Amino acid sequence: MKPTYRLVSCCTILGTVPSLISVSIRVHSPRARIFPLAGLTLIIMREFHPPVLSLRGLWGESVSSSALDVAAARFDVAMRTHGVLYIEDCGLSDELVSRLRRKAVQFFQTGKIDKSDSDTYGAEGYTGIGRETVGTSHTNQVATRDIVESLVLFSADSVACPDELRDDVRQYLQHSKRISLLLVRLMAHALNEPKVIDMFDGEEYPLKIAHYPAAVSGTQGYGAHTDYGSFTLLAQEYGDAFPAQGSLQAFVDNTWCVVPPRKGALLVNSADLIERLTNGVYKTPLHRVVLAENRTQSRLSIVLFTAPKRNVKVAPLEKCCSKLSPAKYEPVIAHEFVQRKLQRNNGIATSLAS
Ligand SMILES: [Fe+2]
């Protein structure tokens with residue numbers, strides 16, 4: 001199938017303006033293209049459309065083995081190729097996601113935020129704009145600071161949770177944790193390794209509400225990185241904000257590709273500890289968030305980061321290793337590994353770049 005491309009920005013001699021039209025075209029070239037034309041430059045990027053998995057019929061105790069087989073096989077292929085898929089019918093209502101999104105935007109824009117807490121990166125609470133440098137977690141090098149502010153919550157009962165968000169955060173956390181455990185079950189089934197289910201308990205998963213403001217100049221929402229834990233569940237901005245205001249991009253087949261949002265679906269990507277657990281059989285996608293230069297709207301993403309239990313030792317599964325493919329990764333303790341990457345995201349940038 002020929003790749004699909006999307007017009008992501010339109011630059012004139014007067015500067016870059018967001019593309020006002022959303023165009024999806026099919027062309028032969030495998031790479032992003034820049035078309036200069038009499039003072040007008042169209043930047044067209046390849047699109048990556050992850051496979052879609054419906055979770056319908058997979059809830060509860062009485063799931064048919066054939067339904068589980070089919071879903072696990074689909075999940076397995078997605079993880080082995082790029083480590084990304086869309087999930088649908090996952091029990092999160094559009095109303096809940098929209099309501100939480102609307103209230104969260106209000107929260108970030110009304111200014112009722114205690115910014116004295118902005119140094120608590122990695123813990124619960126608010127993290128201010130320019131505090132994160134997620135590219136550093138991947139390269140261990142000084143990187144450009146990310147134009148994002150966020151609210152991280154482990155629980156709706158946290159004092160860090162604004163009252164107006166509390167009920168929706170509670171529902172969102174309950175549903176998304178259930179989804180994450182179902183994904184683990186699919187992985188265990190696909191790998192025929194039931195014991196991996198015991199490595200996860202669905203507790204202490206941070207919900208991160210990330211807000212990319214329109215009023216701050218620059219285009220790096222999040223620098224290129226991989227996620228740290230097991231699976232990330234992302235409710236992407238959907239609607240007018242894409243692609244005119246910015247996009248999630250994944251590095252696929254040696255090319256940065258736009259990942260279009262899908263209505264009513266969550267985007268799932270695997271993270272470092274899954275790659276380590278499967279000895280690289282399941283891939284962890286490199287990704288970033290790129291904002292439009294002259295955007296007129298903010299973006300907001302709702303992200304659940306999951307990970308194995310804190311003190312679980314994560315080492316390559318025997319069945320993912322062989323003489324031809326020996327273990328590539330040293331065992332790590334899940335919590336220590338994630339903390340090291342979190343510190344790189346913040347600490348190195350602070351000591352070297354500030
Ligand atoms: Fe990420």
# chains A, B, ... in the order shown; residues from 1 in each chain; ligands from 1
>>> residues_near_ligand(ligand="ligand 1", cutoff="10 Å", atoms="only C-alpha atoms and all ligand atoms", output="PyMOL selection string")
chain A and resi 134-135+222-228+232-234+248+250+269-271+285-289+303+305
>>> write_last_selection(atoms="C-alpha atoms", output="mmCIF file, in the first residue's frame")
data_model
loop_
_atom_site.group_PDB
_atom_site.id
_atom_site.type_symbol
_atom_site.label_atom_id
_atom_site.label_comp_id
_atom_site.auth_asym_id
_atom_site.auth_seq_id
_atom_site.Cartn_x
_atom_site.Cartn_y
_atom_site.Cartn_z
ATOM 1 C CA VAL A 134 12.327 14.716 27.690
ATOM 2 C CA GLY A 135 14.801 14.331 24.824
ATOM 3 C CA TYR A 222 8.066 17.096 23.519
ATOM 4 C CA GLY A 223 11.471 16.165 22.131
ATOM 5 C CA ALA A 224 12.165 12.742 20.639
ATOM 6 C CA HIS A 225 12.051 10.008 23.274
ATOM 7 C CA THR A 226 10.787 6.575 24.147
ATOM 8 C CA ASP A 227 8.498 6.052 27.123
ATOM 9 C CA TYR A 228 9.935 4.378 30.193
ATOM 10 C CA THR A 232 1.279 4.302 27.448
ATOM 11 C CA LEU A 233 -2.401 5.089 26.817
ATOM 12 C CA LEU A 234 -2.887 8.382 25.043
ATOM 13 C CA LEU A 248 2.268 13.604 17.449
ATOM 14 C CA ALA A 250 6.621 8.672 15.400
ATOM 15 C CA ASN A 269 2.524 2.467 22.588
ATOM 16 C CA SER A 270 4.885 0.119 24.318
ATOM 17 C CA ALA A 271 7.706 1.466 26.443
ATOM 18 C CA PRO A 285 8.610 3.628 19.244
ATOM 19 C CA LEU A 286 10.631 6.824 19.249
ATOM 20 C CA HIS A 287 8.137 9.696 19.208
ATOM 21 C CA ARG A 288 7.797 13.445 19.722
ATOM 22 C CA VAL A 289 5.207 16.212 19.754
ATOM 23 C CA VAL A 303 -1.819 10.190 29.092
ATOM 24 C CA PHE A 305 1.832 5.798 31.941
#
>>> residues_around(residues="Ile179 (chain A)", least_positions_apart="2", cutoff="9 Å", atoms="only C-alpha atoms", output="list in words")
Leu55, Cys90, Gly91, Gln174, His175, Ser176, Lys177, Leu181, Leu182, Leu183, Val184 and Leu233 of chain A
>>> atom_distance(atom1="CA of Lys195 (chain A)", atom2="CA of Ser155 (chain A)")
27.3 Å
>>> select_by_dssp(residues="region 168-218 of chain A", states="strand (DSSP E or B)", output="PyMOL selection string")
chain A and resi 207-212
>>> closest_residue(among="A:Leu324, A:Ala334, A:Ala72, A:Val312", to="Asn192 (chain A)", atoms="only C-alpha atoms")
A:Ala72
>>> closest_residue(among="A:Ala73, A:Asn140, A:Gly218, A:Leu191", to="Asn294 (chain A)", atoms="only C-alpha atoms")
A:Gly218
>>> select_by_dssp(residues="region 178-274 of chain A", states="helix (DSSP H, G or I)", output="list of chain:residue names")
A:Arg178, A:Ile179, A:Ser180, A:Leu181, A:Leu182, A:Leu183, A:Val184, A:Arg185, A:Leu186, A:Met187, A:Ala188, A:His189, A:Ala190, A:Leu191, A:Pro194, A:Lys195, A:Val196, A:Ile197, A:Asp198, A:Met199, A:Asp272, A:Leu273, A:Ile274
>>> write_last_selection(atoms="N, CA and C atoms", output="compact mmCIF listing (two decimals), in the first residue's frame")
# COMPACT_ATOMS: atom_id res chain seq x y z
N ARG A 178 -7.95 -0.43 34.07
CA ARG A 178 -8.53 -1.72 33.61
C ARG A 178 -8.04 -2.05 32.20
N ILE A 179 -8.02 -1.02 31.37
CA ILE A 179 -7.54 -1.23 30.00
C ILE A 179 -6.09 -1.70 30.02
N SER A 180 -5.29 -1.07 30.86
CA SER A 180 -3.85 -1.42 30.88
C SER A 180 -3.66 -2.87 31.31
N LEU A 181 -4.49 -3.34 32.24
CA LEU A 181 -4.36 -4.74 32.67
C LEU A 181 -4.83 -5.70 31.59
N LEU A 182 -5.81 -5.27 30.81
CA LEU A 182 -6.23 -6.10 29.68
C LEU A 182 -5.11 -6.21 28.64
N LEU A 183 -4.39 -5.12 28.43
CA LEU A 183 -3.26 -5.16 27.49
C LEU A 183 -2.18 -6.14 27.98
N VAL A 184 -1.95 -6.14 29.28
CA VAL A 184 -0.98 -7.09 29.84
C VAL A 184 -1.46 -8.53 29.61
N ARG A 185 -2.76 -8.72 29.77
CA ARG A 185 -3.33 -10.05 29.56
C ARG A 185 -3.16 -10.48 28.09
N LEU A 186 -3.35 -9.55 27.19
CA LEU A 186 -3.16 -9.87 25.77
C LEU A 186 -1.70 -10.22 25.49
N MET A 187 -0.79 -9.46 26.12
CA MET A 187 0.63 -9.75 25.93
C MET A 187 0.97 -11.14 26.47
N ALA A 188 0.47 -11.45 27.66
CA ALA A 188 0.75 -12.75 28.27
C ALA A 188 0.23 -13.88 27.39
N HIS A 189 -0.96 -13.66 26.84
CA HIS A 189 -1.57 -14.68 25.98
C HIS A 189 -0.76 -14.83 24.68
N ALA A 190 -0.38 -13.71 24.11
CA ALA A 190 0.35 -13.74 22.84
C ALA A 190 1.71 -14.42 23.01
N LEU A 191 2.36 -14.15 24.13
CA LEU A 191 3.69 -14.72 24.36
C LEU A 191 3.62 -16.10 25.01
N PRO A 194 1.94 -16.76 30.99
CA PRO A 194 0.98 -16.25 31.98
C PRO A 194 1.64 -15.55 33.16
N LYS A 195 2.88 -15.91 33.46
CA LYS A 195 3.52 -15.35 34.65
C LYS A 195 3.74 -13.83 34.54
N VAL A 196 3.75 -13.29 33.33
CA VAL A 196 3.98 -11.84 33.24
C VAL A 196 2.81 -11.05 33.83
N ILE A 197 1.63 -11.68 33.91
CA ILE A 197 0.48 -10.98 34.51
C ILE A 197 0.80 -10.59 35.95
N ASP A 198 1.52 -11.44 36.66
CA ASP A 198 1.84 -11.16 38.06
C ASP A 198 2.81 -10.00 38.23
N MET A 199 3.41 -9.56 37.15
CA MET A 199 4.36 -8.44 37.26
C MET A 199 3.65 -7.09 37.34
N ASP A 272 9.96 1.25 27.28
CA ASP A 272 11.27 0.60 27.42
C ASP A 272 11.23 -0.74 28.15
N LEU A 273 10.46 -0.81 29.24
CA LEU A 273 10.51 -2.05 30.04
C LEU A 273 9.87 -3.22 29.31
N ILE A 274 8.97 -2.95 28.38
CA ILE A 274 8.41 -4.04 27.57
C ILE A 274 9.45 -4.50 26.55
>>> residues_around(residues="Lys263 (chain A)", least_positions_apart="5", cutoff="10 Å", atoms="only C-alpha atoms", output="list in words")
Glu88, Asp94, Ala235, Gln236, Glu237, Tyr238 and Gly239 of chain A
>>> write_last_selection(atoms="C-alpha atoms", output="short mmCIF file (atom, residue, chain, number, x, y, z; two decimals), in the first residue's frame")
data_model
loop_
_atom_site.label_atom_id
_atom_site.label_comp_id
_atom_site.auth_asym_id
_atom_site.auth_seq_id
_atom_site.Cartn_x
_atom_site.Cartn_y
_atom_site.Cartn_z
CA GLU A 88 -11.40 1.05 20.39
CA ASP A 94 -16.39 10.15 24.55
CA ALA A 235 -6.10 10.30 24.42
CA GLN A 236 -4.86 12.51 21.62
CA GLU A 237 -6.18 15.92 20.74
CA TYR A 238 -8.83 15.39 18.13
CA GLY A 239 -10.59 17.85 15.87
#
>>> residues_around(residues="region 336-346 of chain A", least_positions_apart="3", cutoff="6 Å", atoms="only C-alpha atoms", output="PyMOL selection string")
chain A and resi 132-134+136-137+228+333+349
>>> residues_around(residues="Ser325 (chain A)", least_positions_apart="4", cutoff="10 Å", atoms="only C-alpha atoms", output="compact mmCIF listing (two decimals) with C-alpha atoms, in the first residue's frame")
# COMPACT_ATOMS: atom_id res chain seq x y z
CA ASN A 279 14.41 -8.80 24.49
CA GLY A 280 13.46 -6.37 21.75
CA VAL A 281 10.80 -8.64 20.21
CA CYS A 320 12.45 -14.32 23.74
CA CYS A 321 16.14 -15.27 23.78
>>> closest_residue(among="A:Ile209, A:Val259, A:Val142, A:Ile113", to="His49 (chain A)", atoms="only C-alpha atoms")
A:Val259
>>> residues_around(residues="Arg80 (chain A)", least_positions_apart="5", cutoff="10 Å", atoms="only C-alpha atoms", output="list of chain:residue names")
A:Phe75, A:Glu275, A:Thr278, A:Gly280, A:Val281, A:Tyr282, A:Lys283, A:Thr284
